[in-house]
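As C-alpha cells, the structure follows; a few thoughts come after it.
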Amino acid sequence: MDRNAKIFVTGHRGMVGSAIVRRLQAAGYDRLLTRGREDLDLLDQRAVHAFLAHEKPDYVFIAAAKVGGIQANDQQRADFLYQNLLIEANLIHGAHLAGVQRLMFLGSSCIYPRDCPQPIKEEYLLTGPLEQTNEPYAIAKIAGIKLCESYNRQYARQYVSVMPTNLYGPNDNYDLLSSHVLPALIRKAHEAKLRGDAEYVVWGSGTPRREFLYVDDLADACVHLMERGYDGPLVNVGTGEDVTIRELAETVMDVVGFRGRVVYDRSKPDGTPRKLLDVSRLAALGWKARTPLREGMRRAYESAPFHSPVANP
Ligand code: GFB
C-alpha cells in the first residue's frame with residue numbers, strides 16, 4: 001500500500017475499526033477516510049454508493065458490522081442478519097461501482113460448521129450445519145465472503161476476507177447483556193471486587209473452549225495482509241491456542257484482583273463447544289500473534305471505561 005493511498009476504514013469507532021485506524025496511523029498512512037453513523041448510514045444503499053463514487057478510495061476495510069456476544073446474537077436474530085447483509089452488500093457493491101480494486105472484509109470464526117474438525121482450516125467453510133445461537137450472523141458473514149469471491153471471479157477485483165477468532169481489547173463493549181465473554185467477565189469481576197462479593201457469575205458450564213486475540217494484533221495482521229497482498233479467498237486470524245471458559249474466568253479474577261469464586265449459571269447457553277482456528281495459512285504469509293492472553297487482558301482492563309487506576313490500585 002502506498003503511504004499516500006486514500007483508505008476508507010468503516011466502523012472506525014468500534015473495537016476493530018479503531019484498532020485498524022491506530023495501526024495505519026502508526027505506519028504513516030495519513031489519508032484515512034472515516035465517517036460516523038450520523039454522517040453516513042451504511043444501511044442506506046444510495047448514500048453509501050454516492051459517498052464511494054465521490055471519494056473513490058484506493059482501499060476499503062469493512063470493519064463495520066452489527067456484532068455482539070452469544071445472547072445478543074441469539075435474541076436479535078433478525079437485526080444481525082438484516083443489518084450485516086445490508087452493510088456488506090452496500091459497501092462491496094458500492095466499492096465495485098466506484099472502481100475500488102482492493103478491499104478487506106472482516107468476518108468471524110463462527111462462519112465455520114459447529115462440529116467441524118479442530119483446528120479449523122479455511123476449507124471447512126460450508127461443509128456442515130452452523131451453531132444455532134449465531135446462525136443469522138454467520139449466514140450474513142458467509143454471504144459477505146461469497147460477495148467478495150464473486151466480484152473477484154466476475155470482475156477481477158481483489159476483495160479478500162479475513163476470519164478473526166474471538167477478539168478483545170480497547171473500545172470493547174462492556175454491556176453485560178450484549179457483550180462477549182471476556183469484557184463481560186472483566187466487568188463482573190471488577191464490580192464483584194468493589195462490592196466485596198464472595199463469588200461472580202459465569203454463564204454456561206465453563207467447559208466450552210475459545211481462542212482470544214488481542215485486537216491490536218488483528219489490526220496488525222489486516223494491515224500486513226493488505227500491504228503484502230494475498231490471493232484469498234479467505235484467511236483465518238488467531239493465536240492457534242484456546243482455553244476453557246473456566247480457565248478464562250480464573251485468569252480474569254487474577255488480573256482484576258478479585259479473590260472470590262466462580263459460580264456457573266447453567267440456564268445460559270454454552271454455544272459452540274470449540275472453535276480453534278488453524279492459523280497455518282496466515283503463518284505461511286509471514287504473520288504471527290504477539291500478545292499473550294494475560295498481557296492483553298491486563299491492557300484491556302486498564303483501558304475499560306469503568307476502570308479507575310486511582311480507585312483501584
Ligand atoms: O463471547 P461469547 O458471548 O460468544 O461467549 P461466542 C463465549 C462463551 O462464554 C459461551 C460463555 O460459552 C458463553 O456462555 N460466557 C460465560 C459468557 N459468561 C459469559 C458472560 O458473562 N457473557 C457472555 N457473553 N458469555 C459469539 C458469536 O459466540 O462470538 C458471534 O455469537 C461471534 O457470532 C463472536 O462469532 C466472536 O464465542 O459463543
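The chains in the C-alpha cells are called A, B, ... from first to last as shown; in each chain the residues are counted from 1, and the ligands are counted from 1 in the order shown.
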
(message) Taking only C-alpha atoms and all ligand atoms into account, list the residues no farther than 7 Å from ligand 1, as a PyMOL selection string.
(response) chain A and resi 67-71+73+108-110+133-134+137-138+165-167+176+178-182+184-185+202-204+206+208+210+245+268-272

Contacts of region 79-175 of chain A with region 221-231 of chain A up to 10 Å, shortest pair per row, only C-alpha atoms, as a Markdown table:
```
| residue | atom | partner | partner_atom | distance |
| --- | --- | --- | --- | --- |
| A:Arg102 | CA | A:Met226 | CA | 8.2 |
| A:Leu103 | CA | A:Met226 | CA | 8.4 |
| A:Met104 | CA | A:Met226 | CA | 7.6 |
| A:Phe105 | CA | A:Cys222 | CA | 9.7 |
| A:Leu106 | CA | A:Cys222 | CA | 9.0 |
| A:Asn152 | CA | A:Asp231 | CA | 9.9 |
| A:Gln158 | CA | A:Asp231 | CA | 7.6 |
| A:Tyr159 | CA | A:Asp231 | CA | 8.9 |
| A:Val160 | CA | A:Asp231 | CA | 7.5 |
| A:Ser161 | CA | A:Cys222 | CA | 9.7 |
| A:Val162 | CA | A:Cys222 | CA | 7.7 |
| A:Pro164 | CA | A:Ala221 | CA | 9.8 |
```

Can you spit out the residues from that selection as a PDB file, in the first residue's frame, using N, CA, C and O atoms?
```pdb
ATOM      1  N   ARG A 102      -9.067  -2.820  -4.271  1.00  0.00           N
ATOM      2  CA  ARG A 102      -8.617  -3.619  -3.125  1.00  0.00           C
ATOM      3  C   ARG A 102      -9.503  -3.358  -1.908  1.00  0.00           C
ATOM      4  O   ARG A 102      -9.644  -2.207  -1.482  1.00  0.00           O
ATOM      5  N   LEU A 103     -10.037  -4.408  -1.360  1.00  0.00           N
ATOM      6  CA  LEU A 103     -10.966  -4.288  -0.226  1.00  0.00           C
ATOM      7  C   LEU A 103     -10.727  -5.465   0.718  1.00  0.00           C
ATOM      8  O   LEU A 103     -10.403  -6.565   0.269  1.00  0.00           O
ATOM      9  N   MET A 104     -10.887  -5.209   2.026  1.00  0.00           N
ATOM     10  CA  MET A 104     -10.767  -6.289   3.010  1.00  0.00           C
ATOM     11  C   MET A 104     -12.052  -6.382   3.817  1.00  0.00           C
ATOM     12  O   MET A 104     -12.511  -5.390   4.385  1.00  0.00           O
ATOM     13  N   PHE A 105     -12.608  -7.577   3.862  1.00  0.00           N
ATOM     14  CA  PHE A 105     -13.864  -7.827   4.574  1.00  0.00           C
ATOM     15  C   PHE A 105     -13.563  -8.643   5.829  1.00  0.00           C
ATOM     16  O   PHE A 105     -12.912  -9.682   5.755  1.00  0.00           O
ATOM     17  N   LEU A 106     -14.036  -8.147   6.976  1.00  0.00           N
ATOM     18  CA  LEU A 106     -13.796  -8.820   8.245  1.00  0.00           C
ATOM     19  C   LEU A 106     -14.975  -9.723   8.593  1.00  0.00           C
ATOM     20  O   LEU A 106     -16.116  -9.252   8.646  1.00  0.00           O
ATOM     21  N   ASN A 152     -14.465 -10.954  -7.348  1.00  0.00           N
ATOM     22  CA  ASN A 152     -13.126 -11.299  -7.839  1.00  0.00           C
ATOM     23  C   ASN A 152     -13.235 -12.146  -9.111  1.00  0.00           C
ATOM     24  O   ASN A 152     -12.526 -11.902 -10.099  1.00  0.00           O
ATOM     25  N   GLN A 158      -9.831  -7.507  -6.266  1.00  0.00           N
ATOM     26  CA  GLN A 158      -9.033  -8.177  -5.234  1.00  0.00           C
ATOM     27  C   GLN A 158      -9.670  -7.872  -3.880  1.00  0.00           C
ATOM     28  O   GLN A 158      -9.176  -7.030  -3.135  1.00  0.00           O
ATOM     29  N   TYR A 159     -10.791  -8.515  -3.632  1.00  0.00           N
ATOM     30  CA  TYR A 159     -11.533  -8.333  -2.386  1.00  0.00           C
ATOM     31  C   TYR A 159     -11.292  -9.572  -1.523  1.00  0.00           C
ATOM     32  O   TYR A 159     -11.654 -10.681  -1.912  1.00  0.00           O
ATOM     33  N   VAL A 160     -10.673  -9.361  -0.366  1.00  0.00           N
ATOM     34  CA  VAL A 160     -10.263 -10.508   0.446  1.00  0.00           C
ATOM     35  C   VAL A 160     -10.996 -10.514   1.788  1.00  0.00           C
ATOM     36  O   VAL A 160     -11.428  -9.484   2.287  1.00  0.00           O
ATOM     37  N   SER A 161     -11.112 -11.703   2.362  1.00  0.00           N
ATOM     38  CA  SER A 161     -11.837 -11.852   3.625  1.00  0.00           C
ATOM     39  C   SER A 161     -10.908 -12.418   4.687  1.00  0.00           C
ATOM     40  O   SER A 161     -10.179 -13.376   4.421  1.00  0.00           O
ATOM     41  N   VAL A 162     -10.949 -11.819   5.864  1.00  0.00           N
ATOM     42  CA  VAL A 162     -10.184 -12.372   6.989  1.00  0.00           C
ATOM     43  C   VAL A 162     -11.168 -12.809   8.071  1.00  0.00           C
ATOM     44  O   VAL A 162     -12.166 -12.139   8.325  1.00  0.00           O
ATOM     45  N   PRO A 164     -11.333 -13.494  11.843  1.00  0.00           N
ATOM     46  CA  PRO A 164     -10.704 -13.480  13.170  1.00  0.00           C
ATOM     47  C   PRO A 164     -11.426 -14.388  14.163  1.00  0.00           C
ATOM     48  O   PRO A 164     -12.632 -14.600  14.059  1.00  0.00           O
TER      49      PRO A 164
END
```

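Of the listed residues A:Lys275, A:Arg157, A:Arg281, A:Arg266, the one whose atoms come nearest to Phe212 (chain A) is A:Lys275, with distances taken using only C-alpha atoms.
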
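One distance worth recording is that between CA of Pro170 (chain A) and CA of Val256 (chain A), which is 15.8 Å.
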
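Between CA of Asp197 (chain A) and CA of Gly257 (chain A) lies a distance of 12.3 Å.
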
(message) List the spatial neighbours of region 246-253 of chain A as a ChimeraX atom specification - criterion: any atom at most 10 Å away, only C-alpha atoms, same-chain residues fewer than 2 positions off excluded.
(response) /A:181-183,185-190,192-193,200-202,204-210,212,242-244,255-264,293-294,297-298,301

Residues from the last selection, C-alpha atoms, saved as a short mmCIF file (atom, residue, chain, number, x, y, z; two decimals), in the first residue's frame:
```cif
data_model
loop_
_atom_site.label_atom_id
_atom_site.label_comp_id
_atom_site.auth_asym_id
_atom_site.auth_seq_id
_atom_site.Cartn_x
_atom_site.Cartn_y
_atom_site.Cartn_z
CA VAL A 181 -17.44 -13.19 27.33
CA LEU A 182 -14.09 -11.55 28.03
CA PRO A 183 -15.27 -7.95 28.56
CA LEU A 185 -16.06 -11.24 32.88
CA ILE A 186 -13.66 -8.33 33.37
CA ARG A 187 -16.54 -6.10 34.33
CA LYS A 188 -18.25 -8.66 36.55
CA ALA A 189 -15.01 -9.49 38.40
CA HIS A 190 -14.21 -5.78 38.80
CA ALA A 192 -17.57 -8.06 42.49
CA LYS A 193 -14.19 -6.88 43.83
CA TYR A 200 -19.10 -13.97 40.48
CA VAL A 201 -21.41 -15.47 37.89
CA VAL A 202 -20.21 -17.02 34.64
CA GLY A 204 -22.99 -21.77 30.89
CA SER A 205 -21.00 -24.75 32.11
CA GLY A 206 -17.46 -23.31 31.85
CA THR A 207 -16.43 -26.16 29.53
CA PRO A 208 -16.60 -24.52 26.07
CA ARG A 209 -13.21 -23.61 24.65
CA ARG A 210 -12.48 -20.29 23.00
CA PHE A 212 -8.87 -14.99 22.13
CA ASP A 242 -7.53 -21.80 23.17
CA VAL A 243 -8.68 -22.00 26.81
CA THR A 244 -11.82 -23.21 28.55
CA VAL A 255 -5.75 -9.98 36.53
CA VAL A 256 -8.55 -7.95 38.11
CA GLY A 257 -7.53 -8.92 41.64
CA PHE A 258 -10.87 -10.38 42.69
CA ARG A 259 -10.41 -13.11 45.27
CA GLY A 260 -13.71 -14.96 45.24
CA ARG A 261 -15.04 -18.00 43.49
CA VAL A 262 -16.78 -18.70 40.21
CA VAL A 263 -20.39 -19.89 40.04
CA TYR A 264 -21.91 -21.14 36.80
CA LEU A 293 -3.70 -13.56 26.74
CA ARG A 294 -2.84 -12.39 30.26
CA MET A 297 -6.31 -8.88 29.37
CA ARG A 298 -4.33 -6.51 31.61
CA TYR A 301 -8.80 -3.99 31.87
#
```

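Closest approach to His49 (chain A) from the set A:Val21, A:Ile92, A:Leu85, A:Ala64 is made by A:Ile92, with distances taken over only C-alpha atoms.
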
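The environment of Leu130 (chain A) within 7 Å, counting only C-alpha atoms and disregarding residues fewer than 3 places along the same chain, consists of Tyr112, Pro113, Arg114 and Glu135 of chain A.
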
(request) Pick out the residues sitting within 8 Å of Leu277 (chain A), and hand them over as number ranges by chain; count only C-alpha atoms, and ignore anything fewer than 6 positions along from it in its own chain. (result) A: 109, 118-121, 165, 211, 236-240

(request) Please measure the separation of CA of Pro233 (chain A) and CA of His93 (chain A), giving the value in Å to one decimal. (result) 17.2 Å

(request) DSSP on the backbone, then: every residue of region 13-208 of chain A marked strand (DSSP E or B), written as number ranges by chain. (result) A: 32-33, 59-62, 102-106, 120, 158-164, 166-168, 199-203

Atoms to include: N, CA and C atoms. Write the selected residues as a compact mmCIF listing (two decimals), in the first residue's frame.
```txt
# COMPACT_ATOMS: atom_id res chain seq x y z
N LEU A 32 -6.56 8.87 5.68
CA LEU A 32 -7.61 7.95 6.13
C LEU A 32 -8.96 8.62 6.04
N LEU A 33 -9.91 7.84 5.58
CA LEU A 33 -11.27 8.34 5.43
C LEU A 33 -12.14 7.58 6.43
N TYR A 59 -8.39 1.97 -1.09
CA TYR A 59 -8.56 0.75 -0.30
C TYR A 59 -9.76 0.92 0.62
N VAL A 60 -10.45 -0.18 0.88
CA VAL A 60 -11.57 -0.15 1.84
C VAL A 60 -11.40 -1.31 2.83
N PHE A 61 -11.52 -0.99 4.12
CA PHE A 61 -11.57 -2.03 5.17
C PHE A 61 -13.01 -2.07 5.70
N ILE A 62 -13.65 -3.23 5.63
CA ILE A 62 -15.02 -3.34 6.17
C ILE A 62 -14.96 -3.92 7.59
N ARG A 102 -9.07 -2.82 -4.27
CA ARG A 102 -8.62 -3.62 -3.13
C ARG A 102 -9.50 -3.36 -1.91
N LEU A 103 -10.04 -4.41 -1.36
CA LEU A 103 -10.97 -4.29 -0.23
C LEU A 103 -10.73 -5.47 0.72
N MET A 104 -10.89 -5.21 2.03
CA MET A 104 -10.77 -6.29 3.01
C MET A 104 -12.05 -6.38 3.82
N PHE A 105 -12.61 -7.58 3.86
CA PHE A 105 -13.86 -7.83 4.57
C PHE A 105 -13.56 -8.64 5.83
N LEU A 106 -14.04 -8.15 6.98
CA LEU A 106 -13.80 -8.82 8.25
C LEU A 106 -14.98 -9.72 8.59
N ILE A 120 -9.57 -25.44 12.97
CA ILE A 120 -10.43 -25.24 11.80
C ILE A 120 -9.64 -24.64 10.63
N GLN A 158 -9.83 -7.51 -6.27
CA GLN A 158 -9.03 -8.18 -5.23
C GLN A 158 -9.67 -7.87 -3.88
N TYR A 159 -10.79 -8.52 -3.63
CA TYR A 159 -11.53 -8.33 -2.39
C TYR A 159 -11.29 -9.57 -1.52
N VAL A 160 -10.67 -9.36 -0.37
CA VAL A 160 -10.26 -10.51 0.45
C VAL A 160 -11.00 -10.51 1.79
N SER A 161 -11.11 -11.70 2.36
CA SER A 161 -11.84 -11.85 3.63
C SER A 161 -10.91 -12.42 4.69
N VAL A 162 -10.95 -11.82 5.86
CA VAL A 162 -10.18 -12.37 6.99
C VAL A 162 -11.17 -12.81 8.07
N MET A 163 -10.88 -13.95 8.69
CA MET A 163 -11.78 -14.53 9.70
C MET A 163 -11.09 -14.53 11.04
N PRO A 164 -11.33 -13.49 11.84
CA PRO A 164 -10.70 -13.48 13.17
C PRO A 164 -11.43 -14.39 14.16
N ASN A 166 -12.31 -14.99 18.42
CA ASN A 166 -12.92 -14.06 19.38
C ASN A 166 -11.92 -12.96 19.75
N LEU A 167 -12.37 -11.71 19.66
CA LEU A 167 -11.47 -10.57 19.84
C LEU A 167 -11.76 -9.85 21.15
N TYR A 168 -10.79 -9.11 21.65
CA TYR A 168 -10.99 -8.28 22.84
C TYR A 168 -9.96 -7.17 22.82
N GLU A 199 -18.43 -14.24 45.28
CA GLU A 199 -18.45 -15.02 44.03
C GLU A 199 -18.85 -14.14 42.85
N TYR A 200 -18.56 -14.64 41.67
CA TYR A 200 -19.10 -13.97 40.48
C TYR A 200 -19.63 -14.99 39.49
N VAL A 201 -20.64 -14.54 38.70
CA VAL A 201 -21.41 -15.47 37.89
C VAL A 201 -20.89 -15.54 36.46
N VAL A 202 -20.65 -16.75 36.01
CA VAL A 202 -20.21 -17.02 34.64
C VAL A 202 -21.29 -17.85 33.96
N TRP A 203 -21.64 -17.47 32.73
CA TRP A 203 -22.71 -18.16 32.01
C TRP A 203 -22.26 -19.55 31.54
```

(request) Using only C-alpha atoms, find the one residue out of A:Leu234, A:Val48, A:Ser308, A:Glu55 that sits nearest to Leu194 (chain A). (result) A:Ser308

(message) Using DSSP secondary structure from the backbone, list all alpha helix (DSSP H) positions within region 42-271 of chain A, as a ChimeraX atom specification.
(response) /A:45-55,70-75,77-97,135-155,181-195,215-228,245-256

Can you pull out every residue within 7 Å of Asp58 (chain A), counting only C-alpha atoms, but drop anything in the same chain fewer than 5 positions away, and send it as an mmCIF file with all heavy atoms, in the first residue's frame?
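Result file result_33.cif:
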```cif
data_model
loop_
_atom_site.group_PDB
_atom_site.id
_atom_site.type_symbol
_atom_site.label_atom_id
_atom_site.label_comp_id
_atom_site.auth_asym_id
_atom_site.auth_seq_id
_atom_site.Cartn_x
_atom_site.Cartn_y
_atom_site.Cartn_z
ATOM 1 N N ALA A 5 -1.951 6.512 -0.258
ATOM 2 C CA ALA A 5 -3.236 5.928 -0.685
ATOM 3 C C ALA A 5 -4.366 6.466 0.187
ATOM 4 O O ALA A 5 -4.181 6.749 1.369
ATOM 5 C CB ALA A 5 -3.164 4.411 -0.565
ATOM 6 N N LYS A 6 -5.525 6.593 -0.431
ATOM 7 C CA LYS A 6 -6.721 7.010 0.307
ATOM 8 C C LYS A 6 -7.405 5.735 0.808
ATOM 9 O O LYS A 6 -7.786 4.874 0.006
ATOM 10 C CB LYS A 6 -7.638 7.760 -0.645
ATOM 11 C CG LYS A 6 -8.753 8.513 0.019
ATOM 12 C CD LYS A 6 -9.592 9.143 -1.087
ATOM 13 C CE LYS A 6 -10.159 10.463 -0.697
ATOM 14 N NZ LYS A 6 -11.045 11.016 -1.729
ATOM 15 N N ILE A 7 -7.512 5.624 2.144
ATOM 16 C CA ILE A 7 -8.002 4.376 2.740
ATOM 17 C C ILE A 7 -9.268 4.645 3.542
ATOM 18 O O ILE A 7 -9.251 5.440 4.482
ATOM 19 C CB ILE A 7 -6.919 3.769 3.670
ATOM 20 C CG1 ILE A 7 -5.587 3.631 2.919
ATOM 21 C CG2 ILE A 7 -7.384 2.426 4.219
ATOM 22 C CD1 ILE A 7 -4.421 3.230 3.803
ATOM 23 N N VAL A 100 -13.106 0.655 -6.866
ATOM 24 C CA VAL A 100 -12.138 0.265 -5.822
ATOM 25 C C VAL A 100 -11.619 -1.139 -6.151
ATOM 26 O O VAL A 100 -12.409 -2.068 -6.301
ATOM 27 C CB VAL A 100 -12.815 0.259 -4.424
ATOM 28 C CG1 VAL A 100 -11.852 -0.265 -3.359
ATOM 29 C CG2 VAL A 100 -13.331 1.649 -4.064
ATOM 30 N N ARG A 102 -9.067 -2.820 -4.271
ATOM 31 C CA ARG A 102 -8.617 -3.619 -3.125
ATOM 32 C C ARG A 102 -9.503 -3.358 -1.908
ATOM 33 O O ARG A 102 -9.644 -2.207 -1.482
ATOM 34 C CB ARG A 102 -7.155 -3.280 -2.769
ATOM 35 C CG ARG A 102 -6.173 -3.424 -3.926
ATOM 36 C CD ARG A 102 -5.765 -4.878 -4.124
ATOM 37 N NE ARG A 102 -5.301 -5.472 -2.900
ATOM 38 C CZ ARG A 102 -4.068 -5.367 -2.441
ATOM 39 N NH1 ARG A 102 -3.172 -4.688 -3.109
ATOM 40 N NH2 ARG A 102 -3.731 -5.954 -1.312
#
```
